[in-house]
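Structure first, then comments.
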Amino acid sequence: MLILTRKVNQKLIINDNIEVVILESYKNSVKIGINAPSDVQIYREEIYTEIKKSNAQAKHIDIDTVNNLSAKGQKQANTFDFMKKIQKND
């Protein structure tokens with residue numbers, strides 16, 4: 001980990017295209033500004049953790065849900081085939 005000391009209005013440059021500016025300093029916190037390309041995603045740690053948790057939960061597949069979707073899809077396909085047969089008889 002790189003540890004730096006910065007004063008208000010001083011900057012950090014990351015990878016030639018990300019600029020971190022110290023805007024204000026308080027007793028126990030610092031206000032920073034970040035200039036970065038729009039394709040760079042920037043999150044507070046607690047938000048990032050929630051996103052990762054949500055993505056992990058979304059990856060979990062409930063096999064009963066998949067089977068139910070498959071059964072519904074097959075029923076719709078059978079209905080569609082039946083409708084095509086009716087149209088041919090018209």
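Residue names in the structure tokens use chain letters A, B, ... in the order shown, residue numbers from 1 in each chain, and ligand numbers from 1 in the order shown.
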Neighbours of stretch 12-29 of chain A within 12 Å (only C-alpha atoms; same-chain residues fewer than 5 positions away dropped), as a PDB file with C-alpha atoms, in the first residue's frame?
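Saved file selection34.pdb follows:
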```pdb
ATOM      1  CA  LEU A   2       1.281   3.416  -0.914  1.00  0.00           C
ATOM      2  CA  ILE A   3       0.791   5.935   1.899  1.00  0.00           C
ATOM      3  CA  LEU A   4       0.974   9.656   1.084  1.00  0.00           C
ATOM      4  CA  THR A   5       0.401  12.906   2.875  1.00  0.00           C
ATOM      5  CA  ARG A   6      -1.436  15.582   0.890  1.00  0.00           C
ATOM      6  CA  LYS A   7      -2.717  19.047   1.691  1.00  0.00           C
ATOM      7  CA  ILE A  34     -12.089  12.317  -8.420  1.00  0.00           C
ATOM      8  CA  ASN A  35     -11.772  13.123 -12.112  1.00  0.00           C
ATOM      9  CA  ALA A  36     -11.779   9.950 -14.197  1.00  0.00           C
ATOM     10  CA  PRO A  37     -12.974   8.757 -17.603  1.00  0.00           C
ATOM     11  CA  SER A  38     -16.636   7.782 -17.702  1.00  0.00           C
ATOM     12  CA  ASP A  39     -15.766   4.117 -18.263  1.00  0.00           C
ATOM     13  CA  VAL A  40     -13.950   3.960 -14.899  1.00  0.00           C
ATOM     14  CA  GLN A  41     -16.275   2.746 -12.159  1.00  0.00           C
ATOM     15  CA  ILE A  42     -15.758   4.364  -8.765  1.00  0.00           C
TER      16      ILE A  42
END
```
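In this comparison, which uses only C-alpha atoms, the residue of A:Arg44, A:Lys31, A:Lys59, A:Lys52 approaching A:Asn9 most closely is A:Lys31.
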Just give me the gap between atom CA of A:Tyr43 and atom CA of A:Val30 in Å, one decimal is fine. 16.1 Å
Write out as a PyMOL selection string all residues of stretch 6-51 of chain A that DSSP puts in strand (DSSP E) for this structure's backbone. chain A and resi 11-14+18-25+30-35
